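Okay, structure first, notes after.
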Amino acid sequence: MRTERNLARLDRVFVRLDREPERPADIDVPKMSRHRVVLFSGTLAFYLAIVWAVVTTSWLVRLDWQVMFFRPYQQWPEIHAFLDYYVVLGQRGPTAVMVAAWLGWRSWRQHTLRPMLTLGASLLLLNITVGAAKLGMGRLGPHYATVIGSNEMGLGGDIFPSGHTANAVVTWGILAYLASSPAARRWLSAVSAVTSLGVGLTTVYLGTHWLSDVLLGWAAGLLILLALPWFEPLIAKAEIALFDLRDLWRSRRGRTVPVPAVPVTPVALQPRTAHADGAAPAREPVSSVRSPRAPIHLAPGPHTARSERTPVTPAGSRRPPHSDRAPRGTAPTARPLTGG
């Protein structure tokens with residue numbers, strides 16, 4: 001008995017993708033629900049608490065210095081080479097290219113620009129918010145610290161919050177945000193959270209960031225993902241505008257010069273009549289709807305049935321016999337001449 005091969009998990013994923021040859025009728029767009037508003041408010045409070053703890057040189061700053069003096073890269077040097085490559089998952093250039101390639105294929109597959117526009121909007125928000133916070137607070141990193149125990153704020157640095165951590169949260173979290181099912185969204189959210197937190201801890205291991213930088217970067221990236229539903233109407237308008245520009249460009253590229261039509265004056269035609277001067281008579285216009293034709297008889301009179309026709313003679317002719325004609329093949333007899 002023949003049994004079908006069980007599809008592996010990856011095969012089922014590609015089979016599912018092959019079932020989406022065109023844009024879905026209803027795309028699941030996340031709404032700014034009450035639950036999301038609560039999460040956004042809590043994350044914003046956590047963000048402000050981290051900033052306040054660093055500005056006031058609280059216990060968090062002391063923890064930063066203790067971790068820096070611990071020098072994790074010296075405690076576990078065997079994983080240094082691996083973490084040098086792992087931290088690339090938080091760099092903006094490589095991660096943006098990888099995620100954009102996947103979302104671009106998905107946009108082409110579903111005939112929609114929303115995945116690419118959502119990625120662009122999230123990266124724009126990331127550059128504005130995180131970049132402004134970095135330049136505004138100007139904190140120096142562990143390798144450039146000047147005074148032991150200080151918060152190193154306002155000294156022209158650009159490491160608070162951690163850009164690697166925030167970028168990892170946004171670029172990998174956008175895959176969960178654009179997931180097509182709740183189950184995929186939950187799994188991708190967990191994977192992106194672990195990946196981004198691992199990237200942040202890797203920067204602490206390498207000594208390029210304080211621990212508080214990582215916590216603030218994680219909160220900054222999460223705020224962007226939670227705030228994206230507020231920008232969905234703008235993304236939808238941008239998609240419509242881009243499609244309108246595409247249609248306009250196509251119409252201009254394929255435009256042809258219209259040829260002016262020569263006006264035709266209708267001529268009233270007369271039925272055919274006899275002309276004395278021999279001129280050609282005018283013809284009657286032909287209608288598109290033909291009238292039924294009358295039956296045509298080859299001979300005058302009604303059509304006779306086969307049984308009513310003249311029987312065929314043995315010679316093969318239907319002509320009536322003539323008494324004054326001799327049959328074929330016999331010599332004619334001479335008529336007697338009578339005197340007049």
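Ordered as shown in the structure tokens, chains take letters A, B, and onward, while each chain numbers its residues from 1 and ligands are numbered from 1 in the order shown.
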Which residues of segment 13-96 of chain A have any atom within 7 Å of an atom in segment 168-171 of chain A when counting only C-alpha atoms, and what is the closest pair of atoms for each, with the distance in Å to one decimal? Order the rows by chain and rising number and write it as JSON lines.
{"residue": "A:Leu89", "atom": "CA", "partner": "A:Ala168", "partner_atom": "CA", "distance": 6.6}
{"residue": "A:Gly90", "atom": "CA", "partner": "A:Ala168", "partner_atom": "CA", "distance": 4.6}
{"residue": "A:Thr95", "atom": "CA", "partner": "A:Thr171", "partner_atom": "CA", "distance": 6.7}
{"residue": "A:Ala96", "atom": "CA", "partner": "A:Thr171", "partner_atom": "CA", "distance": 6.6}
File dump, residues just selected, C-alpha atoms, as a compact mmCIF listing (two decimals), in the first residue's frame:
# COMPACT_ATOMS: atom_id res chain seq x y z
CA LEU A 89 22.52 40.58 14.11
CA GLY A 90 22.17 44.01 15.69
CA THR A 95 19.95 43.19 9.33
CA ALA A 96 18.05 45.73 7.23
I'd like the contact shell of Val37 of chain A - 12 Å cut-off, only C-alpha atoms, skipping same-chain residues fewer than 3 positions apart - returned as a ChimeraX atom specification. /A:31-34,40-44,223,225-230
Can those selected residues be exported to a file as a PDB file, in the first residue's frame so that it contains N, CA, C and O atoms?
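Contents of again_21.pdb, freshly written:
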ATOM      1  N   LYS A  31      -4.356  46.648  15.266  1.00  0.00           N
ATOM      2  CA  LYS A  31      -5.023  47.859  15.734  1.00  0.00           C
ATOM      3  C   LYS A  31      -4.422  48.299  17.070  1.00  0.00           C
ATOM      4  O   LYS A  31      -3.821  47.510  17.791  1.00  0.00           O
ATOM      5  N   MET A  32      -4.595  49.569  17.370  1.00  0.00           N
ATOM      6  CA  MET A  32      -4.119  50.095  18.644  1.00  0.00           C
ATOM      7  C   MET A  32      -5.142  49.755  19.713  1.00  0.00           C
ATOM      8  O   MET A  32      -5.958  50.592  20.128  1.00  0.00           O
ATOM      9  N   SER A  33      -5.116  48.522  20.167  1.00  0.00           N
ATOM     10  CA  SER A  33      -6.079  48.037  21.148  1.00  0.00           C
ATOM     11  C   SER A  33      -5.725  48.550  22.542  1.00  0.00           C
ATOM     12  O   SER A  33      -4.677  49.153  22.780  1.00  0.00           O
ATOM     13  N   ARG A  34      -6.625  48.274  23.474  1.00  0.00           N
ATOM     14  CA  ARG A  34      -6.375  48.688  24.863  1.00  0.00           C
ATOM     15  C   ARG A  34      -5.184  47.960  25.456  1.00  0.00           C
ATOM     16  O   ARG A  34      -4.385  48.553  26.206  1.00  0.00           O
ATOM     17  N   PHE A  40       2.320  49.858  25.798  1.00  0.00           N
ATOM     18  CA  PHE A  40       3.073  51.041  25.398  1.00  0.00           C
ATOM     19  C   PHE A  40       3.312  51.970  26.594  1.00  0.00           C
ATOM     20  O   PHE A  40       4.419  52.493  26.787  1.00  0.00           O
ATOM     21  N   SER A  41       2.299  52.156  27.413  1.00  0.00           N
ATOM     22  CA  SER A  41       2.445  53.023  28.584  1.00  0.00           C
ATOM     23  C   SER A  41       3.435  52.440  29.584  1.00  0.00           C
ATOM     24  O   SER A  41       4.269  53.166  30.149  1.00  0.00           O
ATOM     25  N   GLY A  42       3.364  51.133  29.805  1.00  0.00           N
ATOM     26  CA  GLY A  42       4.312  50.510  30.726  1.00  0.00           C
ATOM     27  C   GLY A  42       5.743  50.573  30.223  1.00  0.00           C
ATOM     28  O   GLY A  42       6.678  50.819  31.007  1.00  0.00           O
ATOM     29  N   THR A  43       5.939  50.349  28.919  1.00  0.00           N
ATOM     30  CA  THR A  43       7.287  50.420  28.351  1.00  0.00           C
ATOM     31  C   THR A  43       7.830  51.847  28.400  1.00  0.00           C
ATOM     32  O   THR A  43       9.019  52.065  28.666  1.00  0.00           O
ATOM     33  N   LEU A  44       6.961  52.822  28.156  1.00  0.00           N
ATOM     34  CA  LEU A  44       7.388  54.218  28.228  1.00  0.00           C
ATOM     35  C   LEU A  44       7.792  54.590  29.663  1.00  0.00           C
ATOM     36  O   LEU A  44       8.793  55.310  29.876  1.00  0.00           O
ATOM     37  N   LEU A 223       9.099  50.325  22.073  1.00  0.00           N
ATOM     38  CA  LEU A 223       8.171  51.449  21.925  1.00  0.00           C
ATOM     39  C   LEU A 223       7.820  51.686  20.458  1.00  0.00           C
ATOM     40  O   LEU A 223       6.664  51.996  20.131  1.00  0.00           O
ATOM     41  N   LEU A 225       7.782  49.413  17.988  1.00  0.00           N
ATOM     42  CA  LEU A 225       6.898  48.346  17.519  1.00  0.00           C
ATOM     43  C   LEU A 225       5.484  48.515  18.061  1.00  0.00           C
ATOM     44  O   LEU A 225       4.504  48.250  17.347  1.00  0.00           O
ATOM     45  N   LEU A 226       5.365  48.950  19.305  1.00  0.00           N
ATOM     46  CA  LEU A 226       4.038  49.125  19.895  1.00  0.00           C
ATOM     47  C   LEU A 226       3.306  50.327  19.310  1.00  0.00           C
ATOM     48  O   LEU A 226       2.069  50.361  19.300  1.00  0.00           O
ATOM     49  N   ALA A 227       4.049  51.309  18.811  1.00  0.00           N
ATOM     50  CA  ALA A 227       3.425  52.521  18.276  1.00  0.00           C
ATOM     51  C   ALA A 227       3.105  52.416  16.787  1.00  0.00           C
ATOM     52  O   ALA A 227       2.473  53.327  16.237  1.00  0.00           O
ATOM     53  N   LEU A 228       3.520  51.358  16.122  1.00  0.00           N
ATOM     54  CA  LEU A 228       3.307  51.253  14.671  1.00  0.00           C
ATOM     55  C   LEU A 228       1.841  51.301  14.239  1.00  0.00           C
ATOM     56  O   LEU A 228       1.534  51.849  13.173  1.00  0.00           O
ATOM     57  N   PRO A 229       0.878  50.732  14.995  1.00  0.00           N
ATOM     58  CA  PRO A 229      -0.526  50.847  14.543  1.00  0.00           C
ATOM     59  C   PRO A 229      -1.007  52.278  14.382  1.00  0.00           C
ATOM     60  O   PRO A 229      -1.935  52.526  13.597  1.00  0.00           O
ATOM     61  N   TRP A 230      -0.431  53.227  15.096  1.00  0.00           N
ATOM     62  CA  TRP A 230      -0.818  54.619  14.909  1.00  0.00           C
ATOM     63  C   TRP A 230      -0.430  55.144  13.528  1.00  0.00           C
ATOM     64  O   TRP A 230      -1.003  56.114  13.041  1.00  0.00           O
TER      65      TRP A 230
END
Can you pull out the residues contacting Tyr85 of chain A? Cut-off 12 Å, using only C-alpha atoms, and skip same-chain residues under 6 positions away; I want them as a JSON list (two decimals) with all heavy atoms, in the first residue's frame.
[["chain", "number", "residue", "atom", "x", "y", "z"],
["A", 79, "ILE", "N", 34.26, 32.12, 24.01],
["A", 79, "ILE", "CA", 33.09, 32.47, 23.19],
["A", 79, "ILE", "C", 33.26, 33.82, 22.52],
["A", 79, "ILE", "O", 32.31, 34.32, 21.88],
["A", 79, "ILE", "CB", 31.81, 32.47, 24.05],
["A", 79, "ILE", "CG1", 31.91, 33.52, 25.16],
["A", 79, "ILE", "CG2", 31.55, 31.08, 24.61],
["A", 79, "ILE", "CD1", 30.63, 33.65, 25.97],
["A", 91, "GLN", "N", 23.51, 44.97, 13.91],
["A", 91, "GLN", "CA", 23.97, 46.07, 13.07],
["A", 91, "GLN", "C", 22.89, 46.41, 12.04],
["A", 91, "GLN", "O", 22.29, 45.53, 11.44],
["A", 91, "GLN", "CB", 25.28, 45.70, 12.38],
["A", 91, "GLN", "CG", 26.46, 45.61, 13.32],
["A", 91, "GLN", "CD", 27.76, 45.33, 12.62],
["A", 91, "GLN", "OE1", 27.80, 45.24, 11.40],
["A", 91, "GLN", "NE2", 28.83, 45.19, 13.38],
["A", 94, "PRO", "N", 23.47, 45.13, 7.81],
["A", 94, "PRO", "CA", 23.21, 43.73, 7.45],
["A", 94, "PRO", "C", 21.79, 43.27, 7.79],
["A", 94, "PRO", "O", 21.16, 42.57, 6.99],
["A", 94, "PRO", "CB", 24.25, 42.95, 8.25],
["A", 94, "PRO", "CG", 25.33, 43.95, 8.52],
["A", 94, "PRO", "CD", 24.65, 45.26, 8.68],
["A", 199, "VAL", "N", 21.76, 40.14, 21.66],
["A", 199, "VAL", "CA", 22.66, 41.10, 21.01],
["A", 199, "VAL", "C", 23.09, 42.17, 22.02],
["A", 199, "VAL", "O", 24.27, 42.57, 22.07],
["A", 199, "VAL", "CB", 21.97, 41.74, 19.79],
["A", 199, "VAL", "CG1", 22.76, 42.94, 19.28],
["A", 199, "VAL", "CG2", 21.80, 40.73, 18.68],
["A", 202, "THR", "N", 25.59, 40.82, 24.39],
["A", 202, "THR", "CA", 26.87, 40.62, 23.71],
["A", 202, "THR", "C", 27.68, 41.91, 23.70],
["A", 202, "THR", "O", 28.91, 41.89, 23.86],
["A", 202, "THR", "CB", 26.62, 40.14, 22.27],
["A", 202, "THR", "OG1", 25.91, 38.90, 22.31],
["A", 202, "THR", "CG2", 27.93, 39.94, 21.53],
["A", 203, "THR", "N", 27.01, 43.06, 23.50],
["A", 203, "THR", "CA", 27.74, 44.33, 23.55],
["A", 203, "THR", "C", 28.30, 44.60, 24.95],
["A", 203, "THR", "O", 29.37, 45.19, 25.09],
["A", 203, "THR", "CB", 26.82, 45.48, 23.12],
["A", 203, "THR", "OG1", 25.70, 45.57, 24.01],
["A", 203, "THR", "CG2", 26.32, 45.27, 21.70],
["A", 206, "LEU", "N", 31.40, 42.43, 25.22],
["A", 206, "LEU", "CA", 32.53, 42.99, 24.49],
["A", 206, "LEU", "C", 33.03, 44.29, 25.10],
["A", 206, "LEU", "O", 34.09, 44.78, 24.69],
["A", 206, "LEU", "CB", 32.14, 43.22, 23.03],
["A", 206, "LEU", "CG", 31.77, 41.97, 22.22],
["A", 206, "LEU", "CD1", 31.27, 42.35, 20.84],
["A", 206, "LEU", "CD2", 32.96, 41.03, 22.13]]
Show me, as a count of residues only, the residues that have an atom within 7 Å of Pro161 of chain A when counting only C-alpha atoms, minus same-chain residues fewer than 5 positions from it. 6
Within 8 Å of segment 46-53 of chain A, counting only C-alpha atoms, which residues qualify if same-chain residues fewer than 6 places away don't, as a PyMOL selection string? chain A and resi 59-61+212+215-216+219-220
Can you write out the residues you just picked, keeping N, CA, C and O atoms, as a PDB file, in the first residue's frame?
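Saved to result-v9.pdb:
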ATOM      1  N   TRP A  59      21.817  53.423  41.824  1.00  0.00           N
ATOM      2  CA  TRP A  59      22.405  52.093  41.918  1.00  0.00           C
ATOM      3  C   TRP A  59      22.651  51.470  40.553  1.00  0.00           C
ATOM      4  O   TRP A  59      23.540  50.614  40.404  1.00  0.00           O
ATOM      5  N   LEU A  60      21.883  51.870  39.525  1.00  0.00           N
ATOM      6  CA  LEU A  60      22.069  51.308  38.195  1.00  0.00           C
ATOM      7  C   LEU A  60      23.422  51.708  37.611  1.00  0.00           C
ATOM      8  O   LEU A  60      24.072  50.902  36.926  1.00  0.00           O
ATOM      9  N   VAL A  61      23.855  52.920  37.885  1.00  0.00           N
ATOM     10  CA  VAL A  61      25.172  53.346  37.407  1.00  0.00           C
ATOM     11  C   VAL A  61      26.272  52.564  38.123  1.00  0.00           C
ATOM     12  O   VAL A  61      27.283  52.177  37.511  1.00  0.00           O
ATOM     13  N   SER A 212      22.993  49.508  31.407  1.00  0.00           N
ATOM     14  CA  SER A 212      21.825  50.393  31.288  1.00  0.00           C
ATOM     15  C   SER A 212      21.579  50.809  29.842  1.00  0.00           C
ATOM     16  O   SER A 212      20.430  51.076  29.471  1.00  0.00           O
ATOM     17  N   LEU A 215      19.374  48.030  28.415  1.00  0.00           N
ATOM     18  CA  LEU A 215      17.989  48.083  28.897  1.00  0.00           C
ATOM     19  C   LEU A 215      17.212  49.211  28.215  1.00  0.00           C
ATOM     20  O   LEU A 215      16.052  49.028  27.827  1.00  0.00           O
ATOM     21  N   LEU A 216      17.861  50.368  28.060  1.00  0.00           N
ATOM     22  CA  LEU A 216      17.169  51.476  27.414  1.00  0.00           C
ATOM     23  C   LEU A 216      16.970  51.221  25.922  1.00  0.00           C
ATOM     24  O   LEU A 216      15.933  51.587  25.352  1.00  0.00           O
ATOM     25  N   ALA A 219      13.990  48.902  25.468  1.00  0.00           N
ATOM     26  CA  ALA A 219      12.725  49.623  25.644  1.00  0.00           C
ATOM     27  C   ALA A 219      12.446  50.557  24.468  1.00  0.00           C
ATOM     28  O   ALA A 219      11.287  50.693  24.033  1.00  0.00           O
ATOM     29  N   ALA A 220      13.485  51.188  23.912  1.00  0.00           N
ATOM     30  CA  ALA A 220      13.293  52.105  22.780  1.00  0.00           C
ATOM     31  C   ALA A 220      12.787  51.368  21.544  1.00  0.00           C
ATOM     32  O   ALA A 220      11.877  51.842  20.835  1.00  0.00           O
TER      33      ALA A 220
END
Extract, using only C-alpha atoms, all DNA, RNA and protein residues at most 7 Å from segment 118-124 of chain A, discarding same-chain residues fewer than 2 positions from it, and format them as a PyMOL selection string. chain A and resi 114-116+126-128+170+174+224+235
Got a sec to tell me which of segment 31-184 of chain A DSSP assigns to alpha helix (DSSP H), as JSON, numbers by chain? {"A": [34, 35, 36, 37, 38, 39, 40, 41, 42, 43, 44, 45, 46, 47, 48, 49, 50, 51, 52, 53, 54, 55, 59, 60, 61, 62, 63, 64, 65, 66, 67, 68, 69, 70, 72, 73, 74, 75, 80, 81, 82, 83, 84, 85, 86, 92, 93, 94, 95, 96, 97, 98, 99, 100, 101, 102, 103, 104, 105, 106, 107, 108, 109, 110, 114, 115, 116, 117, 118, 119, 120, 121, 122, 123, 124, 125, 126, 127, 128, 129, 130, 131, 132, 133, 134, 135, 136, 137, 163, 164, 165, 166, 167, 168, 169, 170, 171, 172, 173, 174, 175, 176, 177, 182, 183, 184]}
Give me, as a list of chain:residue names, all polymer residues having an atom no more than 10 Å from Gly136 of chain A, counting only C-alpha atoms and skipping those fewer than 6 positions away in the same chain.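 Contacts, with the query itself left out: A:Val130, A:Met153, A:Gly154, A:Gly156, A:Gly157, A:Asp158, A:Phe160.
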Report the distance between atom CA of Ala193 of chain A and atom CA of His209 of chain A in Å, rounded to one decimal place.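 If I compute the distance from atom CA of Ala193 of chain A to atom CA of His209 of chain A, I get 18.6 Å.
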For atom CA of Gln110 of chain A and atom CA of Ser196 of chain A, quote the distance in Å rounded to one decimal. 28.3 Å
Atomic separation - atom CA of Ile159 of chain A relative to atom CA of Phe82 of chain A, Å: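 Rounded to one decimal, the two atoms are 22.8 Å apart.
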So, counting only C-alpha atoms, which residue among A:Gly104, A:Phe243, A:Ser162, A:Ala81 is closest to Gly131 of chain A?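 When distances to Gly131 of chain A are compared using only C-alpha atoms, the smallest one comes from A:Ser162.
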